[in-house]
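Visitor: Pasting a structure here, questions to come.
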Amino acid sequence: MGTIIAIANQKGGVGKTTTAINLGIGLVNKGNKVLLVDLDPQGNATQGLGFDADALEVTISTMLRKMISKDYAFTKKYGILAHPEGIDLMPANIELSILETELISLFFGREKILKAYLDMILDEYDYIVIDCMPSLNLITINALVAANKVIIPLHAQYYSVRGLEQLLQTIGSVKSNGLNESLNISGILYTCVNDRTTSFRDVQVILKNAYGENIRIYDHYIPRSVKAEEAPSYGKSIYEYDMAGKVSQAYGQFTDEFLSTIKERR
């Protein structure tokens, strides 16, 4: 049975999509079958893998509507796109923002619509990585209900740390309200790091003192890089775009560390 990983943080610009893409392809490079689910109406992961989000007829919105209407007459690969680097993608576009209104109108089970879909295809994959939108709305709650693990990318700035508590409270509520009692936080990943600054070291101390005893803070972090910002415009991962660069090495090391934490808990 596959593992579902939500990449989540309600703050934008913290490297969620970059992490979702490069963790996903990092796992592919380790011999795993991986599906990336774009759960952001901006479609950044879809575009970052080189697809035209607005031109797609089948997206995650299509599949969630099928779950709502109990239309299960589709193949497991229906609507899933294949990327040259070996990862599969369930894309998204602006239609997803409309779907949230439809979910809110449901009386029962509105938090479990995504889980219903992913449970149907989970045996096809070793890992499903969900790129969440920068919001703690009902769509993101669906991701947390469906996931086994949450990875929290965190921009190494003081204001990012202040916003972390709201996400942790939401995760706690999902568990305590019986929506997903087995959900756990895999860890916090520092992104966009300039490790020569005192502000990064200050944030490390603050985060370790506040959460270090209860939440893993990954040893490896992702440095700031122009190459990482350029790669999505070419529809490539950082591994393909800048194979020998510091960010591709960092994501490779982070992928190894993530896999080691999976083994520790088995």
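In the structure tokens, chains take the letters A, B, ... in the order shown, each chain's residues start at 1, and ligands count up from 1 in the order shown.
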Could you produce a table of the residues of range 78-185 of chain A lying within 6 Å of range 57-60 of chain A, with the nearest pair of atoms per residue and their separation in Å rounded to one decimal, using only C-alpha atoms, ordered by chain and increasing residue number, as CSV?

Guide:
residue,atom,partner,partner_atom,distance
A:Gly79,CA,A:Val58,CA,5.3
A:Pro91,CA,A:Thr59,CA,5.0
A:Ala92,CA,A:Thr59,CA,5.1

Visitor: Just list the residues in range 2-107 of chain A DSSP gives strand (DSSP E) on the backbone, as JSON, numbers by chain.

Guide: {"A": [3, 4, 5, 6, 7, 34, 35, 36, 37, 38, 39, 81, 82, 88, 89, 90]}

Visitor: Next, the residues of the selection above should be written as a CSV table (one decimal), in the first residue's frame with N, CA, C and O atoms.

Guide:
chain,number,residue,atom,x,y,z
A,3,THR,N,2.1,5.3,0.2
A,3,THR,CA,2.1,6.4,1.2
A,3,THR,C,1.7,7.7,0.6
A,3,THR,O,2.2,8.0,-0.5
A,4,ILE,N,0.8,8.4,1.2
A,4,ILE,CA,0.4,9.7,0.7
A,4,ILE,C,1.0,10.8,1.6
A,4,ILE,O,0.9,10.8,2.8
A,5,ILE,N,1.7,11.7,0.9
A,5,ILE,CA,2.4,12.8,1.5
A,5,ILE,C,1.8,14.1,1.1
A,5,ILE,O,1.8,14.5,-0.1
A,6,ALA,N,1.3,14.9,2.1
A,6,ALA,CA,0.9,16.3,1.8
A,6,ALA,C,2.0,17.3,2.0
A,6,ALA,O,2.6,17.3,3.1
A,7,ILE,N,2.3,18.1,1.1
A,7,ILE,CA,3.2,19.2,1.2
A,7,ILE,C,2.4,20.4,1.5
A,7,ILE,O,1.7,21.0,0.6
A,34,VAL,N,5.5,7.0,-8.5
A,34,VAL,CA,5.1,8.2,-7.8
A,34,VAL,C,4.0,9.0,-8.6
A,34,VAL,O,4.2,9.2,-9.8
A,35,LEU,N,3.0,9.4,-7.9
A,35,LEU,CA,2.0,10.3,-8.5
A,35,LEU,C,2.0,11.6,-7.8
A,35,LEU,O,2.0,11.7,-6.5
A,36,LEU,N,2.1,12.7,-8.5
A,36,LEU,CA,2.0,14.1,-8.0
A,36,LEU,C,0.6,14.6,-8.2
A,36,LEU,O,0.2,14.6,-9.4
A,37,VAL,N,-0.1,15.0,-7.2
A,37,VAL,CA,-1.4,15.5,-7.3
A,37,VAL,C,-1.3,17.0,-7.0
A,37,VAL,O,-0.9,17.5,-6.0
A,38,ASP,N,-1.6,17.8,-8.1
A,38,ASP,CA,-1.7,19.2,-8.0
A,38,ASP,C,-3.0,19.6,-7.4
A,38,ASP,O,-4.1,19.4,-8.0
A,39,LEU,N,-3.0,20.2,-6.2
A,39,LEU,CA,-4.2,20.6,-5.5
A,39,LEU,C,-4.2,22.1,-5.2
A,39,LEU,O,-4.7,22.5,-4.2
A,81,LEU,N,-1.4,12.3,-16.2
A,81,LEU,CA,-0.4,12.6,-17.3
A,81,LEU,C,1.0,12.0,-16.9
A,81,LEU,O,1.3,12.0,-15.7
A,82,ALA,N,1.7,11.6,-17.9
A,82,ALA,CA,3.0,11.1,-17.7
A,82,ALA,C,4.1,12.1,-18.1
A,82,ALA,O,4.0,12.7,-19.1
A,88,ASP,N,4.2,10.6,-12.6
A,88,ASP,CA,2.8,10.8,-13.1
A,88,ASP,C,2.2,12.1,-12.4
A,88,ASP,O,2.6,12.4,-11.3
A,89,LEU,N,1.3,12.7,-13.1
A,89,LEU,CA,0.7,13.9,-12.6
A,89,LEU,C,-0.8,13.9,-12.7
A,89,LEU,O,-1.3,13.6,-13.8
A,90,MET,N,-1.5,14.2,-11.6
A,90,MET,CA,-2.9,14.5,-11.7
A,90,MET,C,-3.0,16.1,-11.7
A,90,MET,O,-2.7,16.6,-10.6

Visitor: Rounded to one decimal in Å, what is the spacing between CA of Phe200 in chain A and CA of Thr17 in chain A?

Guide: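 Taking CA of Phe200 in chain A as the start and CA of Thr17 in chain A as the end point, the length is 21.6 Å.
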
Visitor: Neighbouring residues of Glu240 in chain A were defined as those with any atom within 12 Å, considering only C-alpha atoms; residues of the same chain fewer than 6 positions away were excluded. Please report them as a PDB file with C-alpha atoms, in the first residue's frame.

Guide:
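Written out: selection.pdb:
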ATOM      1  CA  ILE A  21       8.029  18.232  -7.702  1.00  0.00           C
ATOM      2  CA  ASN A  22      11.585  17.520  -6.619  1.00  0.00           C
ATOM      3  CA  ILE A  25      11.032  12.946  -8.843  1.00  0.00           C
ATOM      4  CA  GLY A  26      13.678  12.251  -6.199  1.00  0.00           C
ATOM      5  CA  ASN A  29      14.991   8.296  -9.052  1.00  0.00           C
ATOM      6  CA  LEU A  49       6.107  20.007 -15.226  1.00  0.00           C
ATOM      7  CA  PRO A  84       9.387  12.402 -19.223  1.00  0.00           C
ATOM      8  CA  GLU A  85      11.260  12.197 -15.911  1.00  0.00           C
ATOM      9  CA  GLY A  86       9.103   9.268 -14.800  1.00  0.00           C
ATOM     10  CA  LYS A 227      18.346  27.768 -11.032  1.00  0.00           C
ATOM     11  CA  ALA A 228      15.550  26.382  -8.849  1.00  0.00           C
ATOM     12  CA  GLU A 230      14.144  28.841 -13.538  1.00  0.00           C
ATOM     13  CA  ALA A 231      13.558  25.081 -13.782  1.00  0.00           C
ATOM     14  CA  PRO A 232       9.698  25.167 -13.804  1.00  0.00           C
ATOM     15  CA  TYR A 234      11.319  24.652 -18.753  1.00  0.00           C
ATOM     16  CA  VAL A 247      19.766  22.556  -5.100  1.00  0.00           C
ATOM     17  CA  SER A 248      19.619  19.235  -6.954  1.00  0.00           C
ATOM     18  CA  GLN A 249      22.147  17.858  -4.479  1.00  0.00           C
TER      19      GLN A 249
END

Visitor: Could you please determine the separation between CA of Met63 in chain A and CA of Ala116 in chain A in Å, to one decimal place?

Guide: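 Spanning CA of Met63 in chain A to CA of Ala116 in chain A is a straight-line distance of 10.0 Å.
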
Visitor: Between A:Val145, A:Leu106, A:Leu99, A:Met120, which is the closest to Lys77 in chain A once you count only C-alpha atoms?

Guide: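 Among A:Val145, A:Leu106, A:Leu99, A:Met120, it is A:Met120 that comes nearest to Lys77 in chain A.
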
Visitor: Write out, as CSV, each residue of range 8-93 of chain A that has an atom at most 12 Å from range 190-197 of chain A, together with the closest pair of atoms and their distance in Å to one decimal, counting only C-alpha atoms, rows going by chain and rising number.

Guide:
residue,atom,partner,partner_atom,distance
A:Gly13,CA,A:Cys192,CA,9.4
A:Val14,CA,A:Thr191,CA,6.6
A:Gly15,CA,A:Thr191,CA,6.3
A:Lys16,CA,A:Thr191,CA,9.0
A:Thr17,CA,A:Thr191,CA,11.4
A:Thr18,CA,A:Thr191,CA,9.6
A:Thr19,CA,A:Thr191,CA,8.6

Visitor: Which range 100-163 of chain A residues have any atom within 12 Å of an atom of range 202-222 of chain A, and for each, what is the nearest pair of atoms with distance in Å to one decimal, counting only C-alpha atoms, rows sorted by chain and number, as a tab-separated table?

Guide:
residue	atom	partner	partner_atom	distance
A:Val150	CA	A:Ile215	CA	11.1
A:Ile151	CA	A:Tyr218	CA	9.9
A:Ile152	CA	A:Ile217	CA	9.5
A:Pro153	CA	A:Ile222	CA	9.5
A:Leu154	CA	A:Tyr221	CA	9.8
A:His155	CA	A:Ile222	CA	9.6
A:Ala156	CA	A:Val203	CA	6.3
A:Gln157	CA	A:Val203	CA	6.4
A:Tyr158	CA	A:Val203	CA	6.1
A:Tyr159	CA	A:Val203	CA	9.6
A:Ser160	CA	A:Val203	CA	9.3
A:Val161	CA	A:Leu207	CA	7.1
A:Arg162	CA	A:Leu207	CA	9.8
A:Gly163	CA	A:Leu207	CA	11.9

Visitor: As a PDB file with N, CA and C atoms, in the first residue's frame, please: the residues near Asp52 in chain A (cut-off 10 Å, only C-alpha atoms, same-chain neighbours under 3 positions excluded).

Guide:
ATOM      1  N   GLY A  43      -2.376  25.899 -10.382  1.00  0.00           N
ATOM      2  CA  GLY A  43      -1.792  24.913 -11.287  1.00  0.00           C
ATOM      3  C   GLY A  43      -0.291  25.020 -11.428  1.00  0.00           C
ATOM      4  N   THR A  46       1.424  21.705 -12.171  1.00  0.00           N
ATOM      5  CA  THR A  46       1.086  21.298 -13.536  1.00  0.00           C
ATOM      6  C   THR A  46       1.939  22.051 -14.548  1.00  0.00           C
ATOM      7  N   GLN A  47       2.001  23.361 -14.397  1.00  0.00           N
ATOM      8  CA  GLN A  47       2.809  24.171 -15.302  1.00  0.00           C
ATOM      9  C   GLN A  47       4.302  23.917 -15.094  1.00  0.00           C
ATOM     10  N   GLY A  48       4.690  23.664 -13.844  1.00  0.00           N
ATOM     11  CA  GLY A  48       6.096  23.408 -13.544  1.00  0.00           C
ATOM     12  C   GLY A  48       6.620  22.129 -14.147  1.00  0.00           C
ATOM     13  N   LEU A  49       5.714  21.227 -14.521  1.00  0.00           N
ATOM     14  CA  LEU A  49       6.107  20.007 -15.226  1.00  0.00           C
ATOM     15  C   LEU A  49       5.867  20.117 -16.732  1.00  0.00           C
ATOM     16  N   ALA A  55      -5.535  24.217 -20.738  1.00  0.00           N
ATOM     17  CA  ALA A  55      -5.952  23.465 -21.921  1.00  0.00           C
ATOM     18  C   ALA A  55      -6.408  22.041 -21.589  1.00  0.00           C
ATOM     19  N   LEU A  56      -6.295  21.649 -20.334  1.00  0.00           N
ATOM     20  CA  LEU A  56      -6.601  20.267 -19.957  1.00  0.00           C
ATOM     21  C   LEU A  56      -8.089  20.071 -19.702  1.00  0.00           C
ATOM     22  N   PRO A  91      -3.303  16.723 -12.781  1.00  0.00           N
ATOM     23  CA  PRO A  91      -3.148  18.170 -12.867  1.00  0.00           C
ATOM     24  C   PRO A  91      -4.289  18.950 -12.214  1.00  0.00           C
ATOM     25  N   ALA A  92      -4.094  20.260 -12.155  1.00  0.00           N
ATOM     26  CA  ALA A  92      -5.121  21.167 -11.626  1.00  0.00           C
ATOM     27  C   ALA A  92      -5.103  22.456 -12.415  1.00  0.00           C
ATOM     28  N   ASN A  93      -6.225  23.162 -12.355  1.00  0.00           N
ATOM     29  CA  ASN A  93      -6.308  24.511 -12.904  1.00  0.00           C
ATOM     30  C   ASN A  93      -7.316  25.317 -12.088  1.00  0.00           C
TER      31      ASN A  93
END

Visitor: Output as a ChimeraX atom specification all residues of range 84-157 of chain A that backbone DSSP marks as helix (DSSP H, G or I).

Guide: /A:95-104,110-124,138-146

Visitor: Compile the contact shell of Asn180 in chain A as a list in words: residues with an atom at most 12 Å away, counting only C-alpha atoms, same-chain residues fewer than 3 positions apart removed.

Guide: Glu111, Lys112, Lys115, Ile141, Asn142, Ala143, Leu144, Val145, Ala146, Ala147, Asn148, Lys149, Thr170, Ile171, Gly172, Ser173, Val174, Lys175, Ser176, Asn177, Leu183 and Asn184 of chain A

Visitor: Would you please work out which residue, of A:Leu189, A:Glu181, A:Ile80, A:Leu168, is nearest to Gln253 in chain A when using only C-alpha atoms?

Guide: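 Under the stated criterion, the closest residue is A:Leu189.
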
Visitor: In Å to one decimal, how far is CA of Leu23 in chain A from CA of Pro41 in chain A?

Guide: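 So the two atoms, CA of Pro41 in chain A and CA of Leu23 in chain A, lie 20.6 Å apart.
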
Visitor: Considering only C-alpha atoms, return as a PDB file with N, CA, C and O atoms, in the first residue's frame whatever protein or nucleic-acid residues lie within 9 Å of Lys33 in chain A, sequence-local ones (same chain, fewer than 2 positions apart) excluded.

Guide:
ATOM      1  N   LEU A  27      12.031  10.631  -5.437  1.00  0.00           N
ATOM      2  CA  LEU A  27      11.546   9.287  -5.098  1.00  0.00           C
ATOM      3  C   LEU A  27      11.507   8.391  -6.326  1.00  0.00           C
ATOM      4  O   LEU A  27      11.804   7.190  -6.245  1.00  0.00           O
ATOM      5  N   VAL A  28      11.150   8.964  -7.485  1.00  0.00           N
ATOM      6  CA  VAL A  28      11.201   8.211  -8.738  1.00  0.00           C
ATOM      7  C   VAL A  28      12.626   7.740  -9.020  1.00  0.00           C
ATOM      8  O   VAL A  28      12.867   6.591  -9.411  1.00  0.00           O
ATOM      9  N   GLY A  31      13.664   4.559  -7.634  1.00  0.00           N
ATOM     10  CA  GLY A  31      13.004   3.350  -8.107  1.00  0.00           C
ATOM     11  C   GLY A  31      11.546   3.221  -7.714  1.00  0.00           C
ATOM     12  O   GLY A  31      10.970   2.129  -7.847  1.00  0.00           O
ATOM     13  N   LEU A  35       2.977   9.409  -7.941  1.00  0.00           N
ATOM     14  CA  LEU A  35       1.979  10.309  -8.505  1.00  0.00           C
ATOM     15  C   LEU A  35       2.048  11.643  -7.771  1.00  0.00           C
ATOM     16  O   LEU A  35       2.025  11.680  -6.540  1.00  0.00           O
ATOM     17  N   GLY A  86       9.579  10.493 -15.442  1.00  0.00           N
ATOM     18  CA  GLY A  86       9.103   9.268 -14.800  1.00  0.00           C
ATOM     19  C   GLY A  86       8.014   9.439 -13.769  1.00  0.00           C
ATOM     20  O   GLY A  86       7.511   8.443 -13.236  1.00  0.00           O
ATOM     21  N   ILE A  87       7.632  10.662 -13.467  1.00  0.00           N
ATOM     22  CA  ILE A  87       6.581  10.890 -12.476  1.00  0.00           C
ATOM     23  C   ILE A  87       5.236  11.050 -13.192  1.00  0.00           C
ATOM     24  O   ILE A  87       5.174  11.567 -14.309  1.00  0.00           O
ATOM     25  N   ASP A  88       4.167  10.579 -12.567  1.00  0.00           N
ATOM     26  CA  ASP A  88       2.815  10.813 -13.056  1.00  0.00           C
ATOM     27  C   ASP A  88       2.242  12.054 -12.387  1.00  0.00           C
ATOM     28  O   ASP A  88       2.629  12.401 -11.267  1.00  0.00           O
ATOM     29  N   GLU A 124      -1.584   1.617  -7.176  1.00  0.00           N
ATOM     30  CA  GLU A 124      -0.776   1.812  -8.384  1.00  0.00           C
ATOM     31  C   GLU A 124       0.560   2.490  -8.082  1.00  0.00           C
ATOM     32  O   GLU A 124       1.439   2.529  -8.948  1.00  0.00           O
ATOM     33  N   TYR A 125       0.704   3.023  -6.863  1.00  0.00           N
ATOM     34  CA  TYR A 125       1.862   3.863  -6.561  1.00  0.00           C
ATOM     35  C   TYR A 125       2.502   3.500  -5.224  1.00  0.00           C
ATOM     36  O   TYR A 125       1.830   3.060  -4.298  1.00  0.00           O
ATOM     37  N   ASP A 126       3.812   3.764  -5.162  1.00  0.00           N
ATOM     38  CA  ASP A 126       4.519   3.668  -3.882  1.00  0.00           C
ATOM     39  C   ASP A 126       4.293   4.933  -3.061  1.00  0.00           C
ATOM     40  O   ASP A 126       4.175   4.875  -1.838  1.00  0.00           O
ATOM     41  N   TYR A 127       4.242   6.073  -3.750  1.00  0.00           N
ATOM     42  CA  TYR A 127       4.033   7.357  -3.080  1.00  0.00           C
ATOM     43  C   TYR A 127       3.101   8.231  -3.902  1.00  0.00           C
ATOM     44  O   TYR A 127       3.202   8.276  -5.134  1.00  0.00           O
ATOM     45  N   ILE A 128       2.207   8.912  -3.214  1.00  0.00           N
ATOM     46  CA  ILE A 128       1.412   9.981  -3.812  1.00  0.00           C
ATOM     47  C   ILE A 128       1.758  11.263  -3.062  1.00  0.00           C
ATOM     48  O   ILE A 128       1.646  11.319  -1.835  1.00  0.00           O
TER      49      ILE A 128
END
